Amino acid sequence: MIRFILNVLWLIFGGLLTGLGWLLAGVILAITIVGLPYAGAAWRIAGFAFWPFGKEIVSRQIVTGQEDIGTGPIGALLNVIWFLLAGWWLALSHLLVAVAEAITIIGIPFAIKDLQLARIALAPIGVAVVKR
């Protein structure tokens with residue numbers, strides 16, 4: 001019940017805009033052929049951004065039990081490209097929001113989720129969002 005309440009509050013106070021932003025980013029990436037590998041990652045992040053409580057971010061290798069293209073060297077290269085072009089400033093924006101949220105005691109759970117969003121924004125390839 002607490003997770004549900006936190007998710008509803010998150011959605012009302014910024015999660016809806018955050019999730020829609022990540023969805024839009026995924027659509028824009030999918031339209032460009034070059035950005036196609038990143039579109040799926042942006043949509044995974046959007047799902048987490050809409051309803052983050054009760055979910056966690058883990059390596060896809062842990063989920064599947066085997067290495068795949070996203071968790072191997074190609075995934076690492078894609079993450080470096082992502083970091084240089086978009087990841088660092090997306091992560092910085094989530095970090096700044098987390099600092100603002102953490103100022104209040106009530107905002108601390110939301111700050112933790114924004115820090116998780118910052119982490120996935122740095123390197124989204126090869127990760128999965130799973131229920132806790």
# chains A, B, ... in the order shown; residues from 1 in each chain; ligands from 1
call {"tool": "residues_around", "arguments": {"residues": "region 12-27 of chain A", "least_positions_apart": "3", "cutoff": "7 Å", "atoms": "only C-alpha atoms", "output": "PyMOL selection string"}}
result
chain A and resi 8-9+30-31+39-40+42-43+45-47+49-50
call {"tool": "residues_around", "arguments": {"residues": "Val63 (chain A)", "least_positions_apart": "5", "cutoff": "12 Å", "atoms": "only C-alpha atoms", "output": "JSON, numbers by chain"}}
result
{"A": [56, 57, 58, 68, 71, 126, 127, 128, 129, 130, 131]}
call {"tool": "write_last_selection", "arguments": {"atoms": "all heavy atoms", "output": "mmCIF file, in the first residue's frame"}}
result
data_model
loop_
_atom_site.group_PDB
_atom_site.id
_atom_site.type_symbol
_atom_site.label_atom_id
_atom_site.label_comp_id
_atom_site.auth_asym_id
_atom_site.auth_seq_id
_atom_site.Cartn_x
_atom_site.Cartn_y
_atom_site.Cartn_z
ATOM 1 N N GLU A 56 13.518 -2.119 -9.313
ATOM 2 C CA GLU A 56 14.940 -1.795 -9.214
ATOM 3 C C GLU A 56 15.620 -2.043 -10.553
ATOM 4 O O GLU A 56 15.095 -2.738 -11.414
ATOM 5 C CB GLU A 56 15.620 -2.566 -8.089
ATOM 6 C CG GLU A 56 15.684 -4.058 -8.270
ATOM 7 C CD GLU A 56 16.369 -4.742 -7.099
ATOM 8 O OE1 GLU A 56 17.522 -4.405 -6.814
ATOM 9 O OE2 GLU A 56 15.722 -5.592 -6.487
ATOM 10 N N ILE A 57 16.786 -1.446 -10.695
ATOM 11 C CA ILE A 57 17.552 -1.520 -11.936
ATOM 12 C C ILE A 57 18.693 -2.505 -11.731
ATOM 13 O O ILE A 57 19.475 -2.362 -10.787
ATOM 14 C CB ILE A 57 18.096 -0.131 -12.298
ATOM 15 C CG1 ILE A 57 16.938 0.857 -12.450
ATOM 16 C CG2 ILE A 57 18.935 -0.193 -13.556
ATOM 17 C CD1 ILE A 57 17.347 2.290 -12.342
ATOM 18 N N VAL A 58 18.766 -3.505 -12.607
ATOM 19 C CA VAL A 58 19.815 -4.515 -12.509
ATOM 20 C C VAL A 58 20.410 -4.773 -13.894
ATOM 21 O O VAL A 58 19.797 -4.435 -14.910
ATOM 22 C CB VAL A 58 19.292 -5.847 -11.909
ATOM 23 C CG1 VAL A 58 18.810 -5.666 -10.488
ATOM 24 C CG2 VAL A 58 18.203 -6.440 -12.767
ATOM 25 N N ASP A 68 24.731 -10.887 -23.286
ATOM 26 C CA ASP A 68 24.174 -10.642 -24.616
ATOM 27 C C ASP A 68 24.869 -9.428 -25.213
ATOM 28 O O ASP A 68 25.807 -8.899 -24.637
ATOM 29 C CB ASP A 68 22.645 -10.480 -24.564
ATOM 30 C CG ASP A 68 22.192 -9.314 -23.708
ATOM 31 O OD1 ASP A 68 22.953 -8.347 -23.537
ATOM 32 O OD2 ASP A 68 21.060 -9.369 -23.201
ATOM 33 N N THR A 71 25.141 -6.416 -22.882
ATOM 34 C CA THR A 71 25.939 -6.529 -21.661
ATOM 35 C C THR A 71 27.414 -6.790 -21.946
ATOM 36 O O THR A 71 28.215 -6.818 -21.032
ATOM 37 C CB THR A 71 25.398 -7.653 -20.751
ATOM 38 O OG1 THR A 71 25.433 -8.885 -21.470
ATOM 39 C CG2 THR A 71 23.978 -7.353 -20.303
ATOM 40 N N GLY A 126 22.088 -2.471 -21.594
ATOM 41 C CA GLY A 126 22.459 -3.674 -20.859
ATOM 42 C C GLY A 126 21.860 -3.757 -19.470
ATOM 43 O O GLY A 126 22.263 -4.596 -18.679
ATOM 44 N N VAL A 127 20.887 -2.897 -19.159
ATOM 45 C CA VAL A 127 20.227 -2.968 -17.857
ATOM 46 C C VAL A 127 18.763 -3.291 -18.045
ATOM 47 O O VAL A 127 18.189 -3.097 -19.106
ATOM 48 C CB VAL A 127 20.388 -1.661 -17.042
ATOM 49 C CG1 VAL A 127 21.845 -1.390 -16.725
ATOM 50 C CG2 VAL A 127 19.763 -0.496 -17.753
ATOM 51 N N ALA A 128 18.162 -3.792 -16.988
ATOM 52 C CA ALA A 128 16.726 -4.124 -16.997
ATOM 53 C C ALA A 128 16.096 -3.564 -15.739
ATOM 54 O O ALA A 128 16.761 -3.398 -14.720
ATOM 55 C CB ALA A 128 16.534 -5.643 -17.041
ATOM 56 N N VAL A 129 14.827 -3.272 -15.826
ATOM 57 C CA VAL A 129 14.050 -2.832 -14.675
ATOM 58 C C VAL A 129 13.194 -4.018 -14.246
ATOM 59 O O VAL A 129 12.433 -4.560 -15.045
ATOM 60 C CB VAL A 129 13.161 -1.619 -15.030
ATOM 61 C CG1 VAL A 129 12.311 -1.213 -13.835
ATOM 62 C CG2 VAL A 129 14.023 -0.458 -15.509
ATOM 63 N N VAL A 130 13.357 -4.439 -12.996
ATOM 64 C CA VAL A 130 12.631 -5.600 -12.495
ATOM 65 C C VAL A 130 11.847 -5.234 -11.246
ATOM 66 O O VAL A 130 12.201 -4.283 -10.544
ATOM 67 C CB VAL A 130 13.593 -6.778 -12.189
ATOM 68 C CG1 VAL A 130 14.274 -7.274 -13.437
ATOM 69 C CG2 VAL A 130 14.622 -6.383 -11.148
ATOM 70 N N LYS A 131 10.791 -5.993 -10.995
ATOM 71 C CA LYS A 131 10.024 -5.799 -9.755
ATOM 72 C C LYS A 131 10.826 -6.336 -8.589
ATOM 73 O O LYS A 131 11.502 -7.344 -8.704
ATOM 74 C CB LYS A 131 8.682 -6.495 -9.846
ATOM 75 C CG LYS A 131 7.742 -5.845 -10.824
ATOM 76 C CD LYS A 131 6.399 -6.527 -10.819
ATOM 77 C CE LYS A 131 5.496 -5.847 -11.832
ATOM 78 N NZ LYS A 131 4.180 -6.438 -11.852
#
call {"tool": "residues_around", "arguments": {"residues": "Arg132 (chain A)", "least_positions_apart": "4", "cutoff": "9 Å", "atoms": "only C-alpha atoms", "output": "list in words"}}
result
Phe53, Gly54, Lys55 and Glu56 of chain A
call {"tool": "residues_around", "arguments": {"residues": "Ile125 (chain A)", "least_positions_apart": "3", "cutoff": "6 Å", "atoms": "only C-alpha atoms", "output": "list in words"}}
result
Gly70, Gly75 and Asn79 of chain A
call {"tool": "write_last_selection", "arguments": {"atoms": "C-alpha atoms", "output": "short mmCIF file (atom, residue, chain, number, x, y, z; two decimals), in the first residue's frame"}}
result
data_model
loop_
_atom_site.label_atom_id
_atom_site.label_comp_id
_atom_site.auth_asym_id
_atom_site.auth_seq_id
_atom_site.Cartn_x
_atom_site.Cartn_y
_atom_site.Cartn_z
CA GLY A 70 23.99 -5.17 -24.61
CA GLY A 75 26.98 -2.54 -24.99
CA ASN A 79 27.08 3.28 -23.23
#
call {"tool": "residues_around", "arguments": {"residues": "Glu101 (chain A)", "least_positions_apart": "3", "cutoff": "12 Å", "atoms": "only C-alpha atoms", "output": "ChimeraX atom specification"}}
result
/A:10,13-14,94-98,104-115
call {"tool": "select_by_dssp", "arguments": {"residues": "chain A", "states": "strand (DSSP E or B)", "output": "PyMOL selection string"}}
result
chain A and resi 55-59+127-131
call {"tool": "select_by_dssp", "arguments": {"residues": "chain A", "states": "helix (DSSP H, G or I)", "output": "MDAnalysis selection string"}}
result
chainID A and resid 2:31 36:50 60:64 73:102 108:122
call {"tool": "atom_distance", "arguments": {"atom1": "CA of Ala86 (chain A)", "atom2": "CA of Asn7 (chain A)"}}
result
26.5 Å
call {"tool": "closest_residue", "arguments": {"among": "A:Ala41, A:Ala123, A:Ala118, A:Ile103", "to": "Leu84 (chain A)", "atoms": "only C-alpha atoms"}}
result
A:Ala123
call {"tool": "atom_distance", "arguments": {"atom1": "CA of Ala91 (chain A)", "atom2": "CA of Ile120 (chain A)"}}
result
7.9 Å
call {"tool": "closest_residue", "arguments": {"among": "A:Ala100, A:Arg60, A:Pro124, A:Gln116", "to": "Val80 (chain A)", "atoms": "only C-alpha atoms"}}
result
A:Pro124
call {"tool": "closest_residue", "arguments": {"among": "A:Pro52, A:Ile28, A:Ala121, A:Pro37", "to": "Ile69 (chain A)", "atoms": "only C-alpha atoms"}}
result
A:Pro37
call {"tool": "closest_residue", "arguments": {"among": "A:Ile81, A:Leu6, A:Ile62, A:Val99", "to": "Gly35 (chain A)", "atoms": "only C-alpha atoms"}}
result
A:Ile81
call {"tool": "atom_distance", "arguments": {"atom1": "CA of Ile2 (chain A)", "atom2": "CA of Leu90 (chain A)"}}
result
28.3 Å
